[in-house]
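Peer 1: Pasting in a structure now, in C-alpha cells, and then I'll have a few things to ask.
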Amino acid sequence: MKRYCQTLTLVNDTELIKKYVEVHSHVWPEIIEGQREVGILDMQIFIKDNLLFMICDTVDDFDWERDMARLATLPRQAEWEAYVAQFQGCRADARSDEKWQRMERIF
C-alpha cells in the first residue's frame, strides 16, 4: 500500500466551510466508485479551521500522475471538482492536483 498526504486551504468563510463539510458527508457515489477504479483504497479528509489535510491510501502499483489523470476522466469527476471549487477558492476548472498540494513525509 502507498500513502499520500495533501493539504488545501478553504475559503475562510464560516458558512462555506460548514457547507463543504456537509457536502462531504454525502459524496456522490460516482466519485467513490472512480476512486476505487483507479486504485484508491481509502481517502480521509480532516479539517482545522479552514485548513484541510487528506490521507490517501492506494494500491502498491498506484502512480499518482497517471492514475489521478485517469480519475479526472471518469463519470462526474469534473463536475465534482467544479462543484467543490467554490469552497476551495480556485477556478471551477482547476484539476485536483492544482488545488491539493502533496506533502513530504519527514517523520
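So you can find residues: chains in the C-alpha cells are A, B, ... in the order shown, residues in each start at 1, and ligands are numbered from 1 in order.
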Return as a ChimeraX atom specification the full set of residues in chain A whose backbone-based DSSP assignment is helix (DSSP H, G or I).

Peer 2: /A:14-23,29-38,64-72,77-88,96-99

Peer 1: May I have the residues from that selection written out with N, CA and C atoms, as a compact mmCIF listing (two decimals), in the first residue's frame?

Peer 2:
# COMPACT_ATOMS: atom_id res chain seq x y z
N THR A 14 -17.05 31.01 7.34
CA THR A 14 -17.66 30.01 8.22
C THR A 14 -18.79 29.26 7.54
N GLU A 15 -19.66 29.95 6.83
CA GLU A 15 -20.80 29.29 6.19
C GLU A 15 -20.35 28.38 5.05
N LEU A 16 -19.39 28.84 4.26
CA LEU A 16 -18.87 27.99 3.17
C LEU A 16 -18.18 26.76 3.73
N ILE A 17 -17.46 26.91 4.83
CA ILE A 17 -16.78 25.77 5.44
C ILE A 17 -17.81 24.76 5.95
N LYS A 18 -18.87 25.23 6.59
CA LYS A 18 -19.93 24.34 7.06
C LYS A 18 -20.54 23.57 5.89
N LYS A 19 -20.77 24.27 4.79
CA LYS A 19 -21.35 23.65 3.60
C LYS A 19 -20.39 22.61 3.01
N TYR A 20 -19.10 22.92 2.98
CA TYR A 20 -18.10 21.98 2.47
C TYR A 20 -18.10 20.70 3.29
N VAL A 21 -18.15 20.84 4.61
CA VAL A 21 -18.21 19.67 5.49
C VAL A 21 -19.48 18.87 5.20
N GLU A 22 -20.60 19.55 5.07
CA GLU A 22 -21.87 18.89 4.78
C GLU A 22 -21.81 18.14 3.44
N VAL A 23 -21.26 18.76 2.43
CA VAL A 23 -21.14 18.14 1.11
C VAL A 23 -20.35 16.83 1.21
N PRO A 29 -21.86 8.93 -5.24
CA PRO A 29 -21.38 7.55 -5.41
C PRO A 29 -20.37 7.39 -6.55
N GLU A 30 -20.55 8.12 -7.63
CA GLU A 30 -19.63 8.02 -8.77
C GLU A 30 -18.22 8.46 -8.40
N ILE A 31 -18.10 9.35 -7.44
CA ILE A 31 -16.79 9.83 -7.01
C ILE A 31 -16.05 8.71 -6.27
N ILE A 32 -16.74 8.07 -5.35
CA ILE A 32 -16.15 6.96 -4.61
C ILE A 32 -15.83 5.80 -5.56
N GLU A 33 -16.75 5.49 -6.47
CA GLU A 33 -16.53 4.41 -7.44
C GLU A 33 -15.30 4.71 -8.30
N GLY A 34 -15.14 5.95 -8.74
CA GLY A 34 -13.99 6.32 -9.55
C GLY A 34 -12.69 6.17 -8.79
N GLN A 35 -12.70 6.56 -7.53
CA GLN A 35 -11.50 6.40 -6.70
C GLN A 35 -11.10 4.94 -6.62
N ARG A 36 -12.07 4.07 -6.36
CA ARG A 36 -11.78 2.64 -6.25
C ARG A 36 -11.27 2.10 -7.59
N GLU A 37 -11.86 2.55 -8.68
CA GLU A 37 -11.47 2.07 -10.01
C GLU A 37 -10.01 2.34 -10.33
N VAL A 38 -9.49 3.49 -9.88
CA VAL A 38 -8.09 3.82 -10.19
C VAL A 38 -7.11 3.31 -9.14
N TRP A 64 0.77 8.27 -9.04
CA TRP A 64 -0.04 9.45 -8.75
C TRP A 64 -0.45 10.21 -10.01
N GLU A 65 0.50 10.58 -10.85
CA GLU A 65 0.19 11.38 -12.03
C GLU A 65 -0.71 10.61 -13.00
N ARG A 66 -0.34 9.37 -13.30
CA ARG A 66 -1.11 8.56 -14.26
C ARG A 66 -2.53 8.31 -13.75
N ASP A 67 -2.64 7.84 -12.52
CA ASP A 67 -3.94 7.41 -12.03
C ASP A 67 -4.86 8.57 -11.66
N MET A 68 -4.30 9.67 -11.20
CA MET A 68 -5.14 10.84 -10.94
C MET A 68 -5.61 11.47 -12.25
N ALA A 69 -4.78 11.41 -13.29
CA ALA A 69 -5.21 11.89 -14.61
C ALA A 69 -6.35 11.03 -15.13
N ARG A 70 -6.25 9.73 -14.93
CA ARG A 70 -7.32 8.82 -15.34
C ARG A 70 -8.59 9.09 -14.54
N LEU A 71 -8.45 9.28 -13.24
CA LEU A 71 -9.61 9.58 -12.39
C LEU A 71 -10.37 10.79 -12.91
N ALA A 72 -9.64 11.80 -13.35
CA ALA A 72 -10.27 13.04 -13.82
C ALA A 72 -11.17 12.82 -15.03
N GLN A 77 -16.49 13.21 -12.29
CA GLN A 77 -15.32 13.73 -11.57
C GLN A 77 -15.14 15.22 -11.84
N ALA A 78 -15.19 15.64 -13.08
CA ALA A 78 -15.00 17.06 -13.41
C ALA A 78 -16.12 17.90 -12.80
N GLU A 79 -17.32 17.36 -12.81
CA GLU A 79 -18.47 18.05 -12.21
C GLU A 79 -18.26 18.23 -10.71
N TRP A 80 -17.77 17.18 -10.05
CA TRP A 80 -17.50 17.25 -8.61
C TRP A 80 -16.43 18.29 -8.31
N GLU A 81 -15.34 18.26 -9.07
CA GLU A 81 -14.24 19.21 -8.86
C GLU A 81 -14.74 20.65 -9.04
N ALA A 82 -15.57 20.87 -10.06
CA ALA A 82 -16.12 22.21 -10.28
C ALA A 82 -17.03 22.62 -9.13
N TYR A 83 -17.82 21.69 -8.62
CA TYR A 83 -18.74 21.97 -7.52
C TYR A 83 -18.00 22.35 -6.25
N VAL A 84 -17.00 21.57 -5.86
CA VAL A 84 -16.29 21.85 -4.60
C VAL A 84 -15.32 23.03 -4.73
N ALA A 85 -15.01 23.44 -5.96
CA ALA A 85 -14.09 24.58 -6.16
C ALA A 85 -14.62 25.85 -5.50
N GLN A 86 -15.93 26.00 -5.41
CA GLN A 86 -16.49 27.21 -4.80
C GLN A 86 -16.08 27.36 -3.35
N PHE A 87 -15.82 26.26 -2.68
CA PHE A 87 -15.40 26.28 -1.28
C PHE A 87 -13.88 26.42 -1.15
N GLN A 88 -13.20 26.03 -2.21
CA GLN A 88 -11.75 25.95 -2.19
C GLN A 88 -11.07 27.22 -2.71
N SER A 96 -7.61 18.58 -9.58
CA SER A 96 -7.36 18.27 -8.17
C SER A 96 -5.92 18.56 -7.79
N ASP A 97 -4.97 18.21 -8.67
CA ASP A 97 -3.55 18.41 -8.34
C ASP A 97 -3.14 19.88 -8.37
N GLU A 98 -3.99 20.74 -8.91
CA GLU A 98 -3.73 22.18 -8.87
C GLU A 98 -4.24 22.79 -7.56
N LYS A 99 -5.16 22.09 -6.91
CA LYS A 99 -5.75 22.59 -5.67
C LYS A 99 -5.07 21.98 -4.45

Peer 1: Would you kindly return, as an NGL selection string, each protein, DNA or RNA residue with an atom no farther than 12 Å from any atom of Lys48 of chain A, considering only C-alpha atoms and excluding same-chain residues fewer than 3 positions away?

Peer 2: :A and (7-10 or 12 or 14 or 17-18 or 21 or 45 or 51-54)

Peer 1: For the residues selected in the previous step, produce a file with N, CA, C and O atoms as a PDB file, in the first residue's frame.

Peer 2:
ATOM      1  N   THR A   7      -2.577  18.808   1.409  1.00  0.00           N
ATOM      2  CA  THR A   7      -3.223  19.882   2.147  1.00  0.00           C
ATOM      3  C   THR A   7      -3.885  20.852   1.174  1.00  0.00           C
ATOM      4  O   THR A   7      -3.491  20.953   0.007  1.00  0.00           O
ATOM      5  N   LEU A   8      -4.887  21.537   1.665  1.00  0.00           N
ATOM      6  CA  LEU A   8      -5.626  22.525   0.886  1.00  0.00           C
ATOM      7  C   LEU A   8      -6.224  23.533   1.855  1.00  0.00           C
ATOM      8  O   LEU A   8      -6.674  23.149   2.944  1.00  0.00           O
ATOM      9  N   THR A   9      -6.236  24.784   1.473  1.00  0.00           N
ATOM     10  CA  THR A   9      -6.843  25.826   2.295  1.00  0.00           C
ATOM     11  C   THR A   9      -8.178  26.219   1.677  1.00  0.00           C
ATOM     12  O   THR A   9      -8.249  26.562   0.498  1.00  0.00           O
ATOM     13  N   LEU A  10      -9.235  26.155   2.482  1.00  0.00           N
ATOM     14  CA  LEU A  10     -10.568  26.566   2.041  1.00  0.00           C
ATOM     15  C   LEU A  10     -10.715  28.074   2.123  1.00  0.00           C
ATOM     16  O   LEU A  10      -9.969  28.745   2.849  1.00  0.00           O
ATOM     17  N   ASN A  12     -11.897  31.241   3.655  1.00  0.00           N
ATOM     18  CA  ASN A  12     -12.078  31.474   5.088  1.00  0.00           C
ATOM     19  C   ASN A  12     -13.421  32.146   5.360  1.00  0.00           C
ATOM     20  O   ASN A  12     -13.503  33.325   5.687  1.00  0.00           O
ATOM     21  N   THR A  14     -17.046  31.010   7.344  1.00  0.00           N
ATOM     22  CA  THR A  14     -17.657  30.005   8.218  1.00  0.00           C
ATOM     23  C   THR A  14     -18.794  29.259   7.541  1.00  0.00           C
ATOM     24  O   THR A  14     -18.886  28.035   7.651  1.00  0.00           O
ATOM     25  N   ILE A  17     -17.463  26.912   4.825  1.00  0.00           N
ATOM     26  CA  ILE A  17     -16.777  25.773   5.444  1.00  0.00           C
ATOM     27  C   ILE A  17     -17.806  24.764   5.952  1.00  0.00           C
ATOM     28  O   ILE A  17     -17.662  23.554   5.738  1.00  0.00           O
ATOM     29  N   LYS A  18     -18.866  25.234   6.595  1.00  0.00           N
ATOM     30  CA  LYS A  18     -19.927  24.340   7.056  1.00  0.00           C
ATOM     31  C   LYS A  18     -20.540  23.574   5.889  1.00  0.00           C
ATOM     32  O   LYS A  18     -20.801  22.373   5.980  1.00  0.00           O
ATOM     33  N   VAL A  21     -18.152  20.842   4.607  1.00  0.00           N
ATOM     34  CA  VAL A  21     -18.208  19.673   5.491  1.00  0.00           C
ATOM     35  C   VAL A  21     -19.484  18.873   5.204  1.00  0.00           C
ATOM     36  O   VAL A  21     -19.449  17.641   5.085  1.00  0.00           O
ATOM     37  N   ILE A  45     -10.351  12.977   4.888  1.00  0.00           N
ATOM     38  CA  ILE A  45     -10.057  14.406   4.938  1.00  0.00           C
ATOM     39  C   ILE A  45     -10.350  14.894   6.349  1.00  0.00           C
ATOM     40  O   ILE A  45     -11.413  14.622   6.908  1.00  0.00           O
ATOM     41  N   LEU A  51      -8.253  24.850   7.114  1.00  0.00           N
ATOM     42  CA  LEU A  51      -7.170  24.038   6.573  1.00  0.00           C
ATOM     43  C   LEU A  51      -7.592  22.572   6.512  1.00  0.00           C
ATOM     44  O   LEU A  51      -8.088  22.021   7.500  1.00  0.00           O
ATOM     45  N   LEU A  52      -7.416  21.968   5.346  1.00  0.00           N
ATOM     46  CA  LEU A  52      -7.743  20.563   5.160  1.00  0.00           C
ATOM     47  C   LEU A  52      -6.470  19.733   5.070  1.00  0.00           C
ATOM     48  O   LEU A  52      -5.446  20.203   4.559  1.00  0.00           O
ATOM     49  N   PHE A  53      -6.558  18.503   5.534  1.00  0.00           N
ATOM     50  CA  PHE A  53      -5.477  17.539   5.432  1.00  0.00           C
ATOM     51  C   PHE A  53      -6.082  16.236   4.929  1.00  0.00           C
ATOM     52  O   PHE A  53      -7.053  15.740   5.496  1.00  0.00           O
ATOM     53  N   MET A  54      -5.545  15.709   3.838  1.00  0.00           N
ATOM     54  CA  MET A  54      -6.056  14.483   3.237  1.00  0.00           C
ATOM     55  C   MET A  54      -5.022  13.366   3.338  1.00  0.00           C
ATOM     56  O   MET A  54      -3.842  13.586   3.074  1.00  0.00           O
TER      57      MET A  54
END

Peer 1: Using DSSP on the backbone coordinates, identify the residues of chain A assigned to strand (DSSP E); present them as a PyMOL selection string.

Peer 2: chain A and resi 2-9+40-48+51-58+101-102

Peer 1: Could the residues in this selection be saved with C-alpha atoms as an mmCIF file, in the first residue's frame?

Peer 2:
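Generated file (part.cif):
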data_model
loop_
_atom_site.group_PDB
_atom_site.id
_atom_site.type_symbol
_atom_site.label_atom_id
_atom_site.label_comp_id
_atom_site.auth_asym_id
_atom_site.auth_seq_id
_atom_site.Cartn_x
_atom_site.Cartn_y
_atom_site.Cartn_z
ATOM 1 C CA LYS A 2 1.131 3.534 -0.747
ATOM 2 C CA ARG A 3 0.075 6.577 1.270
ATOM 3 C CA TYR A 4 -0.144 10.151 0.022
ATOM 4 C CA CYS A 5 -0.883 13.201 2.176
ATOM 5 C CA GLN A 6 -2.065 16.538 0.877
ATOM 6 C CA THR A 7 -3.223 19.882 2.147
ATOM 7 C CA LEU A 8 -5.626 22.525 0.886
ATOM 8 C CA THR A 9 -6.843 25.826 2.295
ATOM 9 C CA ILE A 40 -7.525 4.459 -4.183
ATOM 10 C CA LEU A 41 -8.323 2.175 -1.269
ATOM 11 C CA ASP A 42 -9.214 4.803 1.313
ATOM 12 C CA MET A 43 -9.376 8.575 1.433
ATOM 13 C CA GLN A 44 -9.851 10.634 4.578
ATOM 14 C CA ILE A 45 -10.057 14.406 4.938
ATOM 15 C CA PHE A 46 -9.527 16.221 8.243
ATOM 16 C CA ILE A 47 -10.268 19.876 8.951
ATOM 17 C CA LYS A 48 -8.927 22.533 11.332
ATOM 18 C CA LEU A 51 -7.170 24.038 6.573
ATOM 19 C CA LEU A 52 -7.743 20.563 5.160
ATOM 20 C CA PHE A 53 -5.477 17.539 5.432
ATOM 21 C CA MET A 54 -6.056 14.483 3.237
ATOM 22 C CA ILE A 55 -4.709 10.969 3.653
ATOM 23 C CA CYS A 56 -4.986 8.822 0.554
ATOM 24 C CA ASP A 57 -4.103 5.112 0.692
ATOM 25 C CA THR A 58 -3.637 3.349 -2.632
ATOM 26 C CA GLN A 101 -0.686 20.152 -2.509
ATOM 27 C CA ARG A 102 1.140 16.920 -1.811
#

Peer 1: Take atom CA of Phe62 of chain A and atom CA of Gly39 of chain A and report the distance between them in Å, one decimal.

Peer 2: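 Separation between atom CA of Phe62 of chain A and atom CA of Gly39 of chain A: 6.3 Å.
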
Peer 1: Just to confirm, what's the straight-line distance from atom CA of Asp93 of chain A to atom CA of Arg76 of chain A in Å (one decimal)?

Peer 2: 13.0 Å
